[in-house]
There are 2 protein chains.
Amino acid sequence: MSATMMDIARDLKVSVVTVSKVLRNQGRISEATRKRVLRRAKQLNYQTNWVARSLVTQRTYTIGLLLPAMTHPFFAEIARAVAQTVRPHGYHVIISCFEEDPELEASEAESLLSRRVDGLIIASSQLPCRLDLFKQVRERSVPYVLIDRQVAGLRASFVGVDNHAIGRLATEHLIARGCCRIGHLRGPEVRIAAERLEGYRQALAKRGLPARSCYVVPSGYRDEGGYAGMRQLLGLRPIPDGVFCYNDLVAIGAMKAILEAGLRLPHDIAVVGAGNVHFSDMLAVPLTTVDQGTREMGLRAAELLIERIASKRSMRPTRILIPPKLVERESTRRQP
Amino acid sequence: MSATMMDIARDLKVSVVTVSKVLRNQGRISEATRKRVLRRAKQLNYQTNWVARSLVTQRTYTIGLLLPAMTHPFFAEIARAVAQTVRPHGYHVIISCFEEDPELEASEAESLLSRRVDGLIIASSQLPCRLDLFKQVRERSVPYVLIDRQVAGLRASFVGVDNHAIGRLATEHLIARGCCRIGHLRGPEVRIAAERLEGYRQALAKRGLPARSCYVVPSGYRDEGGYAGMRQLLGLRPIPDGVFCYNDLVAIGAMKAILEAGLRLPHDIAVVGAGNVHFSDMLAVPLTTVDQGTREMGLRAAELLIERIASKRSMRPTRILIPPKLVERESTRRQP
DNA sequence: CGTTCTTGGGTTAACGTTTACTCATAAGCC
DNA sequence: GGCTTATGAGTAAACGTTAACCCAAGAACG
């Protein structure tokens, strides 16, 4: 199989500890033996056995990333940012997707702990908020950071975007573009969606526009839901002249419904999404969206986690809110 | 910290081995002690320490997935399929993205081996085909399966799609829809692209259509490249009336260029993509594409790998080619 | 020259499991 | 009742490292 330190030690007639010290650049070792060990290691193609090292150091240099989905561009982007951020620190990432299934989320979290990950980044399915899960995690004193989705009733470090601001920015933008009957495809029943909805309401109120409850339609978090939701909005009279969508995927579904109905985009209805996923500006009608700093979210969460792992003693929970930015494209570019 | 078998053993005044046997359901244990151990384990909230177990069993129940990118929907889908397939077998997946950087690919592979993954699934950056990397892998006799991208000169198990067939299907479909000046955005300089190009040529030849080399334009593998490539095609006279694009992302870029030029889709130019990524049918003009069975690719690769891991002795390399399927949508729906 | 450092290494014991044996005791059998 | 055979456990060693000490020999010093 693969060579061990013992092999090197035996060949060179030194102790394993000497080899270990050389390979870790630690302790006093004469230049001569250092060279010999290094040379033999290279010859044997030695590679650290991380399993053995982890057992004694109690550090696996692995973090777990618990995501609802990874085919969703938003989470894929997060995963990428996290992986890139922790790599320079020597960490690897085990990604576990629970496909929005809380049962699976719990069992995967357990499983990751069992593998002794050094820390966890979690975008929890917050549906039945599984505080017991987090009690478990805390009990084992494994540092963790929540990302994107907060969990009610849990004091924990969190990195996310300011969802109120997203709702406000998007809605204010629609108003500025002359829309006065603004609908909202409000996504699934999660806190994030509620916050964006709240931002939407605030913006309407601030401009003195009416908030008609039938203009707010649930839409899930994918395009299919956006398509269905938009068709529902199109059934109303008068139809909205602007729609703020929970996210870009929902917006894509919505735009499709709009175009299918023979309406002009953005002339008849303007659309704003949220998330600024990569292909949003490559659509037939490039999508105006609110960038939620996905990359930065992943990056900050990873940095925060690494910091927690490094400093033994538990620190106070930190909250980081990324300020969103409006990105204007064709889907709202019209005369007020 | 977390409870160990020793804790349980001490409490119950039995040996660790007894505990171990109970927890693994192995060896003869009386029902009475079995119950006692299980109860205490639950009380202490015991969880297998996989690091320790891995050290002695030489199995980590972790596989490495080496991908060029994970924000690309195609690879995200593969990652998902792989993870879902191996989970029931108790495996976790460490995903490592090398962002199309061969250096990073090599170092990540090494790093995964160092962590003693039980197997590897690799979509190699085949650019400078790093046979040395694979020699390494083989030397450690870690089973691996190549996915999507073959590596020239390497006899290894491979799961991919029949790329000639993709080129043929797409091109024949365009011909059947009445196109006679068929362009091709041929993607990056990789074997897959060459195979699709070959399929494209075969189809043209079979129908006696001319293969004009200026109609074949490189395009990278993302939408930006497709956009640029299509603009180049639009500069030709006569312009093509049909385009087969390396993949869906490229096709999206191409469609954008077409619409921007004021041409009608599919009336003036029909477009076929490849990959059938999730949002292809949610575009303004839903994209006709060739489904490459992405999910099945991931699934088959994972199954193959698990099989290899299970059967100690090395088996002969297997090649699995998934047959592609044409999915017709609006982007080619026109009268012949 | 005796004492104290420094240098370069070695010893021993973990880390938390599993594996391969061994060994009492009780049961079964003629 | 003496023999074999199940049964239910235990012992010792191993997996490949690292951590905490220890120690001999030479150097430095007064």
# chains A, B, ... in the order shown; residues from 1 in each chain; ligands from 1

$ closest_atom_pairs --of "chain B" --to "chain A" --cutoff "7 Å" --atoms "only C-alpha atoms" --output "JSON lines"
{"residue": "B:Met1", "atom": "CA", "partner": "A:Arg140", "partner_atom": "CA", "distance": 6.0}
{"residue": "B:Ser2", "atom": "CA", "partner": "A:Arg140", "partner_atom": "CA", "distance": 5.9}
{"residue": "B:Gln47", "atom": "CA", "partner": "A:Ser114", "partner_atom": "CA", "distance": 5.8}
{"residue": "B:Thr48", "atom": "CA", "partner": "A:Ser114", "partner_atom": "CA", "distance": 5.9}
{"residue": "B:Asn49", "atom": "CA", "partner": "A:Ser114", "partner_atom": "CA", "distance": 5.7}
{"residue": "B:Trp50", "atom": "CA", "partner": "A:Arg115", "partner_atom": "CA", "distance": 5.1}
{"residue": "B:Val51", "atom": "CA", "partner": "A:Val51", "partner_atom": "CA", "distance": 5.9}
{"residue": "B:Ala52", "atom": "CA", "partner": "A:Leu55", "partner_atom": "CA", "distance": 6.1}
{"residue": "B:Ser54", "atom": "CA", "partner": "A:Val51", "partner_atom": "CA", "distance": 7.0}
{"residue": "B:Leu55", "atom": "CA", "partner": "A:Val51", "partner_atom": "CA", "distance": 6.0}
{"residue": "B:Met70", "atom": "CA", "partner": "A:Ala76", "partner_atom": "CA", "distance": 6.3}
{"residue": "B:Thr71", "atom": "CA", "partner": "A:Ala76", "partner_atom": "CA", "distance": 5.2}
{"residue": "B:Pro73", "atom": "CA", "partner": "A:Thr71", "partner_atom": "CA", "distance": 6.3}
{"residue": "B:Ala76", "atom": "CA", "partner": "A:Thr71", "partner_atom": "CA", "distance": 5.1}
{"residue": "B:Glu77", "atom": "CA", "partner": "A:Thr71", "partner_atom": "CA", "distance": 5.8}
{"residue": "B:Arg80", "atom": "CA", "partner": "A:Met70", "partner_atom": "CA", "distance": 6.8}
{"residue": "B:Val93", "atom": "CA", "partner": "A:Ile94", "partner_atom": "CA", "distance": 6.0}
{"residue": "B:Ile94", "atom": "CA", "partner": "A:Ile94", "partner_atom": "CA", "distance": 4.5}
{"residue": "B:Ile95", "atom": "CA", "partner": "A:Ile94", "partner_atom": "CA", "distance": 6.5}
{"residue": "B:Ser114", "atom": "CA", "partner": "A:Asn49", "partner_atom": "CA", "distance": 5.7}
{"residue": "B:Arg115", "atom": "CA", "partner": "A:Trp50", "partner_atom": "CA", "distance": 5.1}
{"residue": "B:Arg140", "atom": "CA", "partner": "A:Ser2", "partner_atom": "CA", "distance": 6.0}
{"residue": "B:Ile252", "atom": "CA", "partner": "A:Met282", "partner_atom": "CA", "distance": 6.6}
{"residue": "B:Gly253", "atom": "CA", "partner": "A:Met282", "partner_atom": "CA", "distance": 6.1}
{"residue": "B:Lys256", "atom": "CA", "partner": "A:Ala284", "partner_atom": "CA", "distance": 5.6}
{"residue": "B:Met282", "atom": "CA", "partner": "A:Gly253", "partner_atom": "CA", "distance": 6.1}
{"residue": "B:Leu283", "atom": "CA", "partner": "A:Lys256", "partner_atom": "CA", "distance": 6.7}
{"residue": "B:Ala284", "atom": "CA", "partner": "A:Lys256", "partner_atom": "CA", "distance": 5.5}

$ select_by_dssp --residues "range 132-290 of chain A" --states "strand (DSSP E or B)" --output "ChimeraX atom specification"
/A:144-147,158-161,182-185,216-217,242-245,270-274,288-290

$ residues_around --residues "Ser331 in chain A" --least-positions-apart "6" --cutoff "8 Å" --atoms "only C-alpha atoms (C1' of nucleotides)" --output "count of residues only"
9

$ atom_distance --atom1 "CA of Glu189 in chain B" --atom2 "CA of Ser213 in chain B"
15.7 Å

$ atom_distance --atom1 "CA of Leu197 in chain B" --atom2 "CA of Arg177 in chain B"
19.5 Å

$ atom_distance --atom1 "CA of Arg10 in chain A" --atom2 "C1' of DT12 in chain C"
18.4 Å

$ decode --residues "range 2-23 of chain C" --atoms "N, CA, C and O atoms (P, O5', C5', C4', C3', O3' and C1' of nucleotides)" --output "compact mmCIF listing (two decimals), in the first residue's frame"
# COMPACT_ATOMS: atom_id res chain seq x y z
P DG C 2 35.55 17.59 38.48
O5' DG C 2 34.15 18.26 38.87
C5' DG C 2 34.06 19.10 40.00
C4' DG C 2 33.02 20.16 39.75
C3' DG C 2 31.61 19.60 39.50
O3' DG C 2 30.68 20.36 40.25
C1' DG C 2 32.23 21.01 37.71
P DT C 3 29.15 19.87 40.35
O5' DT C 3 28.42 20.92 39.42
C5' DT C 3 28.51 22.30 39.75
C4' DT C 3 28.00 23.13 38.58
C3' DT C 3 26.57 22.78 38.13
O3' DT C 3 25.73 23.91 38.38
C1' DT C 3 28.02 23.11 36.27
P DT C 4 24.13 23.76 38.23
O5' DT C 4 23.88 24.34 36.78
C5' DT C 4 24.32 25.66 36.47
C4' DT C 4 24.24 25.89 34.98
C3' DT C 4 22.86 25.56 34.36
O3' DT C 4 22.44 26.66 33.58
C1' DT C 4 24.59 24.57 33.10
P DC C 5 20.84 26.90 33.38
O5' DC C 5 20.78 27.02 31.80
C5' DC C 5 21.47 26.02 31.06
C4' DC C 5 22.01 26.62 29.78
C3' DC C 5 21.02 26.49 28.63
O3' DC C 5 21.26 27.48 27.67
C1' DC C 5 22.84 24.93 28.39
P DT C 6 20.14 27.74 26.57
O5' DT C 6 20.57 26.73 25.42
C5' DT C 6 21.76 27.01 24.68
C4' DT C 6 22.12 25.82 23.82
C3' DT C 6 21.03 25.40 22.83
O3' DT C 6 21.57 25.54 21.53
C1' DT C 6 22.00 23.52 23.92
P DT C 7 20.69 25.37 20.24
O5' DT C 7 21.05 23.88 19.82
C5' DT C 7 22.42 23.49 19.79
C4' DT C 7 22.51 22.01 19.48
C3' DT C 7 21.48 21.52 18.47
O3' DT C 7 22.16 20.82 17.45
C1' DT C 7 21.50 20.12 20.38
P DG C 8 21.38 20.37 16.14
O5' DG C 8 20.99 18.88 16.54
C5' DG C 8 22.04 17.90 16.61
C4' DG C 8 21.42 16.59 16.99
C3' DG C 8 20.24 16.16 16.10
O3' DG C 8 20.42 14.81 15.72
C1' DG C 8 19.61 16.10 18.36
P DG C 9 19.57 14.26 14.53
O5' DG C 9 18.42 13.56 15.37
C5' DG C 9 18.69 12.26 15.70
C4' DG C 9 18.36 12.01 17.15
C3' DG C 9 17.12 11.14 17.31
O3' DG C 9 17.47 9.80 17.08
C1' DG C 9 17.44 12.74 19.08
P DG C 10 16.36 8.72 16.83
O5' DG C 10 16.00 8.31 18.33
C5' DG C 10 17.03 7.85 19.19
C4' DG C 10 16.45 7.61 20.57
C3' DG C 10 15.26 6.65 20.59
O3' DG C 10 15.40 5.69 21.63
C1' DG C 10 14.67 8.73 21.59
P DT C 11 14.46 4.40 21.61
O5' DT C 11 13.75 4.45 23.02
C5' DT C 11 13.69 5.67 23.73
C4' DT C 11 12.82 5.51 24.98
C3' DT C 11 11.77 4.41 24.93
O3' DT C 11 11.49 3.97 26.25
C1' DT C 11 10.72 6.54 24.85
P DT C 12 10.53 2.73 26.50
O5' DT C 12 9.15 3.44 26.81
C5' DT C 12 9.14 4.60 27.67
C4' DT C 12 7.75 5.18 27.77
C3' DT C 12 6.61 4.16 27.61
O3' DT C 12 5.70 4.38 28.66
C1' DT C 12 6.30 5.97 26.11
P DA C 13 4.45 3.42 28.84
O5' DA C 13 3.27 4.40 28.42
C5' DA C 13 3.28 5.73 28.94
C4' DA C 13 2.31 6.60 28.18
C3' DA C 13 0.93 5.97 27.99
O3' DA C 13 -0.03 6.99 28.21
C1' DA C 13 1.75 6.65 25.92
P DA C 14 -1.49 6.60 28.64
O5' DA C 14 -2.10 6.17 27.23
C5' DA C 14 -3.33 6.69 26.84
C4' DA C 14 -3.11 7.96 26.03
C3' DA C 14 -4.21 8.14 25.00
O3' DA C 14 -4.95 9.28 25.32
C1' DA C 14 -2.04 8.20 23.96
P DC C 15 -6.53 9.10 25.38
O5' DC C 15 -7.13 9.79 24.10
C5' DC C 15 -6.40 10.58 23.19
C4' DC C 15 -6.80 10.26 21.77
C3' DC C 15 -7.96 9.29 21.64
O3' DC C 15 -9.15 10.03 21.47
C1' DC C 15 -6.18 8.81 20.07
P DG C 16 -10.43 9.64 22.35
O5' DG C 16 -11.06 8.43 21.55
C5' DG C 16 -11.58 8.69 20.25
C4' DG C 16 -11.85 7.37 19.58
C3' DG C 16 -12.78 6.44 20.35
O3' DG C 16 -13.76 6.00 19.46
C1' DG C 16 -10.82 5.30 19.70
P DT C 17 -15.03 5.20 19.91
O5' DT C 17 -15.13 4.16 18.72
C5' DT C 17 -14.46 2.90 18.84
C4' DT C 17 -13.83 2.56 17.55
C3' DT C 17 -14.04 1.11 17.18
O3' DT C 17 -14.92 1.02 16.08
C1' DT C 17 -11.68 1.66 17.23
P DT C 18 -15.65 -0.37 15.84
O5' DT C 18 -14.45 -1.30 15.32
C5' DT C 18 -13.93 -1.10 14.02
C4' DT C 18 -12.79 -2.06 13.79
C3' DT C 18 -13.21 -3.53 13.68
O3' DT C 18 -12.61 -4.06 12.53
C1' DT C 18 -11.47 -3.29 15.28
P DT C 19 -13.18 -5.41 11.90
O5' DT C 19 -11.97 -6.44 12.09
C5' DT C 19 -10.63 -5.98 12.01
C4' DT C 19 -9.70 -7.07 12.54
C3' DT C 19 -10.27 -8.48 12.47
O3' DT C 19 -9.25 -9.35 11.99
C1' DT C 19 -9.58 -8.00 14.66
P DA C 20 -9.62 -10.77 11.38
O5' DA C 20 -8.57 -11.71 12.15
C5' DA C 20 -7.35 -11.17 12.64
C4' DA C 20 -6.89 -11.94 13.85
C3' DA C 20 -7.37 -13.39 13.89
O3' DA C 20 -6.32 -14.23 14.33
C1' DA C 20 -7.98 -12.31 15.87
P DC C 21 -6.41 -15.79 14.05
O5' DC C 21 -6.17 -16.37 15.51
C5' DC C 21 -6.98 -15.88 16.53
C4' DC C 21 -6.25 -15.82 17.84
C3' DC C 21 -6.53 -17.06 18.67
O3' DC C 21 -5.38 -17.46 19.41
C1' DC C 21 -7.57 -15.13 19.64
P DT C 22 -5.39 -18.88 20.17
O5' DT C 22 -5.90 -18.48 21.62
C5' DT C 22 -5.28 -17.41 22.33
C4' DT C 22 -6.04 -17.16 23.62
C3' DT C 22 -6.42 -18.43 24.38
O3' DT C 22 -6.06 -18.25 25.74
C1' DT C 22 -8.32 -17.08 24.06
P DC C 23 -5.89 -19.52 26.69
O5' DC C 23 -7.12 -19.32 27.68
C5' DC C 23 -7.51 -18.00 28.03
C4' DC C 23 -8.87 -18.05 28.71
C3' DC C 23 -9.22 -19.42 29.30
O3' DC C 23 -9.81 -19.23 30.56
C1' DC C 23 -10.94 -18.70 27.90
